[in-house]
$ cat run.cif   # mmCIF, C-alpha atoms and all ligand atoms
data_coords
#
loop_
_atom_site.label_atom_id
_atom_site.label_comp_id
_atom_site.auth_asym_id
_atom_site.auth_seq_id
_atom_site.Cartn_x
_atom_site.Cartn_y
_atom_site.Cartn_z
CA MET A 14 -60.17 -49.36 28.64
CA LYS A 15 -60.38 -48.87 24.93
CA ARG A 16 -59.75 -51.79 22.60
CA ILE A 17 -57.71 -51.22 19.46
CA LEU A 18 -57.22 -53.62 16.56
CA VAL A 19 -53.88 -53.17 14.80
CA VAL A 20 -53.70 -54.63 11.29
CA GLU A 21 -50.19 -54.66 9.83
CA ASP A 22 -48.22 -57.34 7.97
CA GLU A 23 -44.83 -55.73 8.58
CA PRO A 24 -43.60 -57.44 11.80
CA THR A 25 -41.35 -54.60 13.03
CA ILE A 26 -44.03 -51.94 12.56
CA LEU A 27 -46.66 -54.19 14.13
CA ALA A 28 -44.46 -54.86 17.17
CA ALA A 29 -43.61 -51.19 17.65
CA VAL A 30 -47.24 -50.05 17.40
CA VAL A 31 -48.53 -52.79 19.70
CA THR A 32 -45.85 -52.14 22.32
CA ARG A 33 -46.56 -48.42 22.38
CA LEU A 34 -50.34 -48.74 22.49
CA ARG A 35 -50.15 -51.28 25.33
CA ALA A 36 -47.81 -48.93 27.20
CA GLU A 37 -50.55 -46.29 26.83
CA ASP A 38 -53.00 -48.68 28.52
CA PHE A 39 -54.97 -49.72 25.47
CA LEU A 40 -56.18 -53.29 25.01
CA VAL A 41 -54.63 -54.37 21.72
CA GLU A 42 -55.64 -57.08 19.25
CA THR A 43 -53.64 -57.80 16.11
CA ALA A 44 -54.14 -59.15 12.61
CA VAL A 45 -51.65 -59.58 9.76
CA ASP A 46 -53.89 -59.97 6.70
CA GLY A 47 -57.25 -58.82 5.33
CA PRO A 48 -59.43 -61.83 6.17
CA SER A 49 -58.16 -62.19 9.74
CA ALA A 50 -58.59 -58.44 10.27
CA VAL A 51 -62.28 -58.65 9.38
CA ALA A 52 -62.75 -61.77 11.53
CA THR A 53 -60.94 -60.23 14.52
CA ALA A 54 -62.93 -56.99 14.23
CA ALA A 55 -66.16 -59.01 14.27
CA ALA A 56 -65.02 -61.15 17.21
CA THR A 57 -63.55 -58.46 19.47
CA ALA A 58 -65.59 -55.30 18.65
CA PRO A 59 -62.68 -52.86 18.88
CA ASP A 60 -63.22 -49.14 19.58
CA LEU A 61 -60.76 -48.21 16.84
CA VAL A 62 -58.78 -49.91 14.06
CA VAL A 63 -55.25 -49.00 12.97
CA LEU A 64 -55.14 -50.35 9.44
CA ASP A 65 -52.28 -50.76 6.98
CA VAL A 66 -53.32 -50.29 3.34
CA MET A 67 -51.20 -52.98 1.67
CA LEU A 68 -52.06 -56.35 3.19
CA PRO A 69 -52.04 -59.99 2.07
CA GLY A 70 -55.43 -61.56 1.35
CA PHE A 71 -57.33 -58.40 0.53
CA ASP A 72 -56.17 -54.85 1.10
CA GLY A 73 -56.94 -52.26 3.77
CA LEU A 74 -59.60 -50.58 1.62
CA GLU A 75 -61.59 -53.80 1.47
CA VAL A 76 -61.06 -54.38 5.22
CA CYS A 77 -62.32 -50.84 5.85
CA ARG A 78 -65.43 -51.40 3.71
CA ARG A 79 -66.26 -54.70 5.39
CA ILE A 80 -65.84 -53.56 8.99
CA GLN A 81 -67.64 -50.27 8.34
CA ALA A 82 -70.53 -52.22 6.83
CA GLU A 83 -71.15 -53.84 10.22
CA ARG A 84 -71.07 -50.68 12.33
CA SER A 85 -69.44 -47.27 12.48
CA ILE A 86 -65.94 -47.63 13.89
CA PRO A 87 -63.04 -45.17 13.63
CA VAL A 88 -60.27 -46.25 11.26
CA LEU A 89 -56.76 -44.79 11.21
CA MET A 90 -55.21 -45.84 7.90
CA LEU A 91 -51.45 -46.33 7.54
CA THR A 92 -50.13 -45.45 4.10
CA ALA A 93 -46.76 -45.87 2.43
CA ARG A 94 -46.56 -42.44 0.79
CA SER A 95 -48.28 -39.06 1.11
CA ASP A 96 -49.57 -39.18 -2.48
CA GLU A 97 -51.20 -42.49 -1.59
CA THR A 98 -52.89 -40.70 1.33
CA ASP A 99 -54.18 -37.95 -0.98
CA MET A 100 -55.48 -40.54 -3.42
CA LEU A 101 -57.31 -42.47 -0.68
CA ILE A 102 -58.85 -39.32 0.79
CA GLY A 103 -60.02 -38.39 -2.70
CA LEU A 104 -61.67 -41.80 -3.05
CA GLY A 105 -63.54 -41.29 0.23
CA VAL A 106 -62.71 -44.83 1.38
CA GLY A 107 -64.20 -44.35 4.84
CA ALA A 108 -61.07 -44.07 6.95
CA ASP A 109 -61.24 -41.29 9.54
CA ASP A 110 -57.62 -40.29 9.46
CA TYR A 111 -54.40 -41.21 7.67
CA LEU A 112 -50.81 -41.52 8.80
CA THR A 113 -47.98 -41.77 6.29
CA LYS A 114 -45.02 -44.06 7.01
CA PRO A 115 -42.61 -43.52 8.58
CA PHE A 116 -44.45 -42.01 11.55
CA SER A 117 -43.48 -41.48 15.16
CA MET A 118 -45.22 -43.50 17.87
CA ARG A 119 -45.99 -40.22 19.60
CA GLU A 120 -47.90 -39.03 16.55
CA LEU A 121 -49.73 -42.33 16.23
CA VAL A 122 -50.92 -42.14 19.84
CA ALA A 123 -51.99 -38.50 19.38
CA ARG A 124 -54.09 -39.40 16.32
CA VAL A 125 -55.63 -42.38 18.11
CA ARG A 126 -56.65 -40.20 21.06
CA VAL A 127 -58.17 -37.52 18.81
CA LEU A 128 -60.28 -40.14 17.01
CA LEU A 129 -61.44 -41.75 20.26
CA ARG A 130 -62.37 -38.34 21.73
CA ARG A 131 -64.31 -37.41 18.62
CA MET A 132 -66.18 -40.71 18.83
CA GLU A 133 -67.07 -40.03 22.48
CA ARG A 134 -68.23 -36.51 21.70
CA ALA A 135 -70.46 -37.86 18.96
CA GLY A 136 -71.77 -40.53 21.34
CA ASP A 137 -72.90 -38.16 24.08
CA ALA A 138 -74.21 -35.38 21.89
CA GLY A 139 -77.23 -33.73 23.45
CA GLU A 140 -80.63 -33.13 21.89
CA ALA A 141 -81.26 -33.75 18.21
CA GLN A 142 -80.06 -30.88 16.09
CA THR A 143 -80.28 -30.36 12.39
CA LEU A 144 -78.76 -27.89 9.97
CA SER A 145 -80.18 -27.21 6.53
CA VAL A 146 -77.92 -25.84 3.82
CA GLY A 147 -78.39 -25.63 0.09
CA GLY A 148 -80.97 -28.42 0.01
CA TYR A 149 -78.96 -30.67 2.32
CA ARG A 150 -80.17 -31.63 5.77
CA LEU A 151 -77.54 -32.49 8.39
CA ASP A 152 -78.59 -34.44 11.46
CA LEU A 153 -75.85 -33.58 13.92
CA GLN A 154 -76.78 -36.23 16.43
CA GLU A 155 -77.12 -39.14 14.04
CA ARG A 156 -74.38 -37.67 11.85
CA ARG A 157 -76.34 -38.26 8.67
CA VAL A 158 -76.82 -36.09 5.60
CA HIS A 159 -79.85 -36.16 3.33
CA HIS A 160 -80.60 -34.42 0.05
CA GLU A 161 -84.34 -34.59 -0.37
CA GLU A 162 -84.98 -38.24 0.54
CA ARG A 163 -81.60 -39.52 -0.53
CA GLU A 164 -78.94 -40.19 2.11
CA ILE A 165 -75.40 -39.08 1.23
CA HIS A 166 -72.75 -41.25 2.84
CA LEU A 167 -69.88 -39.19 4.26
CA THR A 168 -66.81 -40.26 6.18
CA ARG A 169 -66.53 -38.97 9.72
CA ILE A 170 -64.07 -36.25 8.75
CA GLU A 171 -66.16 -35.22 5.74
CA PHE A 172 -69.17 -34.88 8.03
CA ASP A 173 -67.25 -32.83 10.61
CA LEU A 174 -65.91 -30.57 7.87
CA LEU A 175 -69.33 -30.02 6.32
CA ALA A 176 -70.99 -29.45 9.72
CA PHE A 177 -68.32 -26.94 10.76
CA LEU A 178 -68.75 -24.94 7.53
CA ALA A 179 -72.54 -25.28 7.60
CA ALA A 180 -72.70 -23.83 11.09
CA ARG A 181 -71.01 -20.67 9.69
CA PRO A 182 -72.52 -20.18 6.24
CA ARG A 183 -71.00 -17.62 3.81
CA THR A 184 -68.05 -17.18 6.17
CA ALA A 185 -64.50 -17.77 4.93
CA ILE A 186 -62.80 -20.28 7.22
CA SER A 187 -59.03 -20.74 7.00
CA ARG A 188 -57.43 -24.13 6.51
CA ALA A 189 -55.58 -23.63 9.82
CA VAL A 190 -58.87 -23.18 11.71
CA LEU A 191 -60.36 -26.23 9.99
CA LEU A 192 -57.29 -28.30 10.84
CA GLU A 193 -57.41 -27.23 14.47
CA HIS A 194 -61.12 -27.86 14.96
CA ILE A 195 -61.56 -31.01 12.93
CA TRP A 196 -58.25 -32.81 13.23
CA GLY A 197 -57.37 -31.42 16.66
CA PRO A 198 -53.92 -30.76 18.07
CA PRO A 199 -51.36 -32.14 17.53
CA SER A 200 -52.55 -33.96 14.46
CA GLY A 201 -49.68 -33.14 12.11
CA ALA A 202 -52.27 -32.93 9.32
CA GLU A 203 -51.39 -30.51 6.55
CA SER A 204 -53.32 -27.89 4.59
CA ARG A 205 -53.56 -30.10 1.58
CA THR A 206 -55.28 -32.72 3.73
CA VAL A 207 -58.13 -30.21 4.06
CA ASP A 208 -58.05 -29.67 0.29
CA SER A 209 -58.27 -33.42 -0.37
CA HIS A 210 -61.29 -33.79 1.91
CA VAL A 211 -63.01 -30.79 0.32
CA LYS A 212 -62.44 -32.40 -3.06
CA ALA A 213 -64.08 -35.60 -1.82
CA LEU A 214 -67.02 -33.60 -0.40
CA ARG A 215 -67.50 -31.75 -3.71
CA ARG A 216 -67.64 -35.08 -5.53
CA LYS A 217 -70.47 -36.18 -3.24
CA LEU A 218 -72.31 -32.87 -2.84
CA GLY A 219 -71.65 -31.12 -6.14
CA PRO A 220 -69.05 -28.46 -6.95
CA ASP A 221 -70.97 -25.34 -5.82
CA LEU A 222 -71.74 -25.85 -2.14
CA ILE A 223 -68.20 -25.28 -0.86
CA ARG A 224 -66.45 -22.28 -2.37
CA THR A 225 -62.67 -21.83 -2.39
CA VAL A 226 -61.71 -18.47 -0.87
CA HIS A 227 -58.34 -17.75 -2.43
CA GLY A 228 -55.56 -17.12 0.03
CA VAL A 229 -57.80 -18.07 2.95
CA GLY A 230 -59.62 -21.36 2.81
CA TYR A 231 -63.23 -22.31 2.25
CA ALA A 232 -66.75 -21.01 2.72
CA LEU A 233 -70.08 -22.71 2.47
CA GLU A 234 -72.43 -21.08 -0.03
CA THR A 235 -76.16 -21.12 0.51
CA PRO A 236 -78.84 -19.54 -1.63
CA ARG A 237 -79.97 -16.39 0.18
CA CA B 1 -48.22 -53.73 4.44
#
$ encode --input "run.cif" --output "structure tokens"
Amino acid sequence: MKRILVVEDEPTILAAVVTRLRAEDFLVETAVDGPSAVATAAATAPDLVVLDVMLPGFDGLEVCRRIQAERSIPVLMLTARSDETDMLIGLGVGADDYLTKPFSMRELVARVRVLLRRMERAGDAGEAQTLSVGGYRLDLQERRVHHEEREIHLTRIEFDLLAFLAARPRTAISRAVLLEHIWGPPSGAESRTVDSHVKALRRKLGPDLIRTVHGVGYALETPR
């Protein structure tokens, strides 16, 4: 059984999420503020965290930073508005996916399952594999990116996006294909979610590696 920590200070949302996740056979822990979220994550080692952004104590961004500092753990961030989601993606805060309130419990469960599956896939990846593109070296097993000797820290989605494009260099990939392969069905993620993550990647990797293909999507450029 997978253990999920739900961090939410709004009692009705907390109760609804906890009830649904328990009905889906997850073990569920809860926290209602920043400090107790960090303490509970350390004490219970959850497989995934559902994390509200606005919390008493310190906010979800700080919770995310602190729990990610200990070990890599998938975080599904709950946001109040879609522009808040775009802003957080642009900041590259380290959450793996975002859900804007109000959301359906069905969608929440779908996102949780996608994140857990992706984590498992990463965990039982086979032999070490690396991709080299435009001076960047991607280790697909360790999910790390280096530029010369410097490590570039990417969120899980940023890594998946870069690895997908890097495996098909100089090929235009549509936003729909990226959404399907990286977010998985039925994520409910939108085209502009892809755009926000590309923007975050360009901030970390420079503006030239990922090219916008107008009317289609994106392509990874490599020096021939
Ligand atoms: Ca809140």
$ closest_residue --input "run.cif" --among "A:Val19, A:Ala56, A:Leu89, A:Leu27" --to "Glu42 in chain A" --atoms "only C-alpha atoms"
A:Val19
$ closest_residue --input "run.cif" --among "A:Gly230, A:Pro87, A:Gly148, A:Gly103" --to "Val125 in chain A" --atoms "all atoms listed in the file"
A:Pro87
$ atom_distance --input "run.cif" --atom1 "CA of Ala93 in chain A" --atom2 "CA of Leu192 in chain A"
22.1 Å
$ closest_residue --input "run.cif" --among "A:Ile86, A:Leu101, A:Ile170, A:Ala108" --to "Glu133 in chain A" --atoms "all atoms listed in the file"
A:Ile86
$ closest_residue --input "run.cif" --among "A:Leu104, A:Ala202, A:Val229, A:Glu120" --to "Leu214 in chain A" --atoms "all atoms listed in the file"
A:Leu104
$ closest_residue --input "run.cif" --among "A:Thr32, A:Thr57, A:Thr206, A:Thr168" --to "Leu191 in chain A" --atoms "only C-alpha atoms"
A:Thr206
$ residues_near_ligand --input "run.cif" --ligand "ligand CA 1 (chain B)" --cutoff "7 Å" --atoms "only C-alpha atoms and all ligand atoms" --output "PDB file with C-alpha atoms, in the frame of the given file"
ATOM      1  CA  GLU A  21     -50.190 -54.660   9.830  1.00  0.00           C
ATOM      2  CA  ASP A  22     -48.220 -57.340   7.970  1.00  0.00           C
ATOM      3  CA  GLU A  23     -44.830 -55.730   8.580  1.00  0.00           C
ATOM      4  CA  ASP A  65     -52.280 -50.760   6.980  1.00  0.00           C
ATOM      5  CA  VAL A  66     -53.320 -50.290   3.340  1.00  0.00           C
ATOM      6  CA  MET A  67     -51.200 -52.980   1.670  1.00  0.00           C
ATOM      7  CA  LEU A  68     -52.060 -56.350   3.190  1.00  0.00           C
TER       8      LEU A  68
END
$ residues_near_point --input "run.cif" --point "(-74.7, -43.1, 1.6)" --cutoff "12 Å" --atoms "all atoms listed in the file" --output "list in words"
Ala82, Gly105, Gly107, Arg156, Arg157, Val158, His159, His160, Glu162, Arg163, Glu164, Ile165, His166, Leu167, Thr168, Phe172, Lys217 and Leu218 of chain A
$ closest_residue --input "run.cif" --among "A:Arg205, A:Arg181, A:His227, A:Arg169" --to "Gln81 in chain A" --atoms "all atoms listed in the file"
A:Arg169
$ residues_around --input "run.cif" --residues "Arg94 in chain A" --least-positions-apart "2" --cutoff "8 Å" --atoms "only C-alpha atoms" --output "compact mmCIF listing (two decimals) with C-alpha atoms, keeping the file's coordinate frame"
# COMPACT_ATOMS: atom_id res chain seq x y z
CA THR A 92 -50.13 -45.45 4.10
CA ASP A 96 -49.57 -39.18 -2.48
CA GLU A 97 -51.20 -42.49 -1.59
CA THR A 98 -52.89 -40.70 1.33
CA THR A 113 -47.98 -41.77 6.29
CA LYS A 114 -45.02 -44.06 7.01
$ residues_around --input "run.cif" --residues "Ala176 in chain A" --least-positions-apart "3" --cutoff "9 Å" --atoms "only C-alpha atoms" --output "PDB file with C-alpha atoms, keeping the file's coordinate frame"
ATOM      1  CA  LEU A 144     -78.760 -27.890   9.970  1.00  0.00           C
ATOM      2  CA  LEU A 151     -77.540 -32.490   8.390  1.00  0.00           C
ATOM      3  CA  LEU A 153     -75.850 -33.580  13.920  1.00  0.00           C
ATOM      4  CA  GLU A 171     -66.160 -35.220   5.740  1.00  0.00           C
ATOM      5  CA  PHE A 172     -69.170 -34.880   8.030  1.00  0.00           C
ATOM      6  CA  ASP A 173     -67.250 -32.830  10.610  1.00  0.00           C
ATOM      7  CA  ALA A 179     -72.540 -25.280   7.600  1.00  0.00           C
ATOM      8  CA  ALA A 180     -72.700 -23.830  11.090  1.00  0.00           C
ATOM      9  CA  ARG A 181     -71.010 -20.670   9.690  1.00  0.00           C
TER      10      ARG A 181
END
$ residues_around --input "run.cif" --residues "Thr225 in chain A" --least-positions-apart "4" --cutoff "12 Å" --atoms "all atoms listed in the file" --output "VMD selection string"
chain A and resid 183 to 188 207 to 208 211 to 212 215 220 to 221 229 to 234
$ residues_around --input "run.cif" --residues "Leu18 in chain A" --least-positions-apart "6" --cutoff "7 Å" --atoms "all atoms listed in the file" --output "PDB file with C-alpha atoms, keeping the file's coordinate frame"
ATOM      1  CA  VAL A  41     -54.630 -54.370  21.720  1.00  0.00           C
ATOM      2  CA  GLU A  42     -55.640 -57.080  19.250  1.00  0.00           C
ATOM      3  CA  THR A  43     -53.640 -57.800  16.110  1.00  0.00           C
ATOM      4  CA  PRO A  59     -62.680 -52.860  18.880  1.00  0.00           C
ATOM      5  CA  LEU A  61     -60.760 -48.210  16.840  1.00  0.00           C
ATOM      6  CA  VAL A  62     -58.780 -49.910  14.060  1.00  0.00           C
ATOM      7  CA  VAL A  63     -55.250 -49.000  12.970  1.00  0.00           C
TER       8      VAL A  63
END
$ build_atoms --input "run.cif" --residues "range 24-37 of chain A" --atoms "N, CA, C and O atoms" --output "CSV table (one decimal), in the coordinates of the input"
chain,number,residue,atom,x,y,z
A,24,PRO,N,-43.8,-57.1,10.4
A,24,PRO,CA,-43.6,-57.4,11.8
A,24,PRO,C,-43.0,-56.3,12.7
A,24,PRO,O,-43.4,-56.2,13.8
A,25,THR,N,-42.0,-55.6,12.2
A,25,THR,CA,-41.4,-54.6,13.0
A,25,THR,C,-42.3,-53.5,13.3
A,25,THR,O,-42.3,-53.0,14.5
A,26,ILE,N,-43.1,-53.0,12.3
A,26,ILE,CA,-44.0,-51.9,12.6
A,26,ILE,C,-45.1,-52.4,13.5
A,26,ILE,O,-45.5,-51.7,14.5
A,27,LEU,N,-45.6,-53.6,13.3
A,27,LEU,CA,-46.7,-54.2,14.1
A,27,LEU,C,-46.2,-54.2,15.6
A,27,LEU,O,-46.9,-53.8,16.5
A,28,ALA,N,-45.0,-54.7,15.8
A,28,ALA,CA,-44.5,-54.9,17.2
A,28,ALA,C,-44.3,-53.5,17.8
A,28,ALA,O,-44.7,-53.3,19.0
A,29,ALA,N,-43.8,-52.5,17.1
A,29,ALA,CA,-43.6,-51.2,17.6
A,29,ALA,C,-44.9,-50.5,18.0
A,29,ALA,O,-45.1,-50.0,19.1
A,30,VAL,N,-45.9,-50.7,17.1
A,30,VAL,CA,-47.2,-50.0,17.4
A,30,VAL,C,-47.9,-50.7,18.6
A,30,VAL,O,-48.4,-50.1,19.5
A,31,VAL,N,-47.9,-52.0,18.6
A,31,VAL,CA,-48.5,-52.8,19.7
A,31,VAL,C,-47.9,-52.5,21.0
A,31,VAL,O,-48.6,-52.2,22.0
A,32,THR,N,-46.6,-52.4,21.1
A,32,THR,CA,-45.8,-52.1,22.3
A,32,THR,C,-46.2,-50.8,22.9
A,32,THR,O,-46.5,-50.6,24.0
A,33,ARG,N,-46.2,-49.8,21.9
A,33,ARG,CA,-46.6,-48.4,22.4
A,33,ARG,C,-48.0,-48.3,22.8
A,33,ARG,O,-48.3,-47.7,23.9
A,34,LEU,N,-48.9,-48.9,22.1
A,34,LEU,CA,-50.3,-48.7,22.5
A,34,LEU,C,-50.6,-49.5,23.8
A,34,LEU,O,-51.4,-49.0,24.7
A,35,ARG,N,-50.0,-50.6,24.0
A,35,ARG,CA,-50.2,-51.3,25.3
A,35,ARG,C,-49.6,-50.4,26.5
A,35,ARG,O,-50.1,-50.4,27.6
A,36,ALA,N,-48.4,-49.8,26.2
A,36,ALA,CA,-47.8,-48.9,27.2
A,36,ALA,C,-48.7,-47.8,27.6
A,36,ALA,O,-48.7,-47.2,28.6
A,37,GLU,N,-49.6,-47.4,26.6
A,37,GLU,CA,-50.6,-46.3,26.8
A,37,GLU,C,-51.9,-46.8,27.4
A,37,GLU,O,-52.9,-46.1,27.4
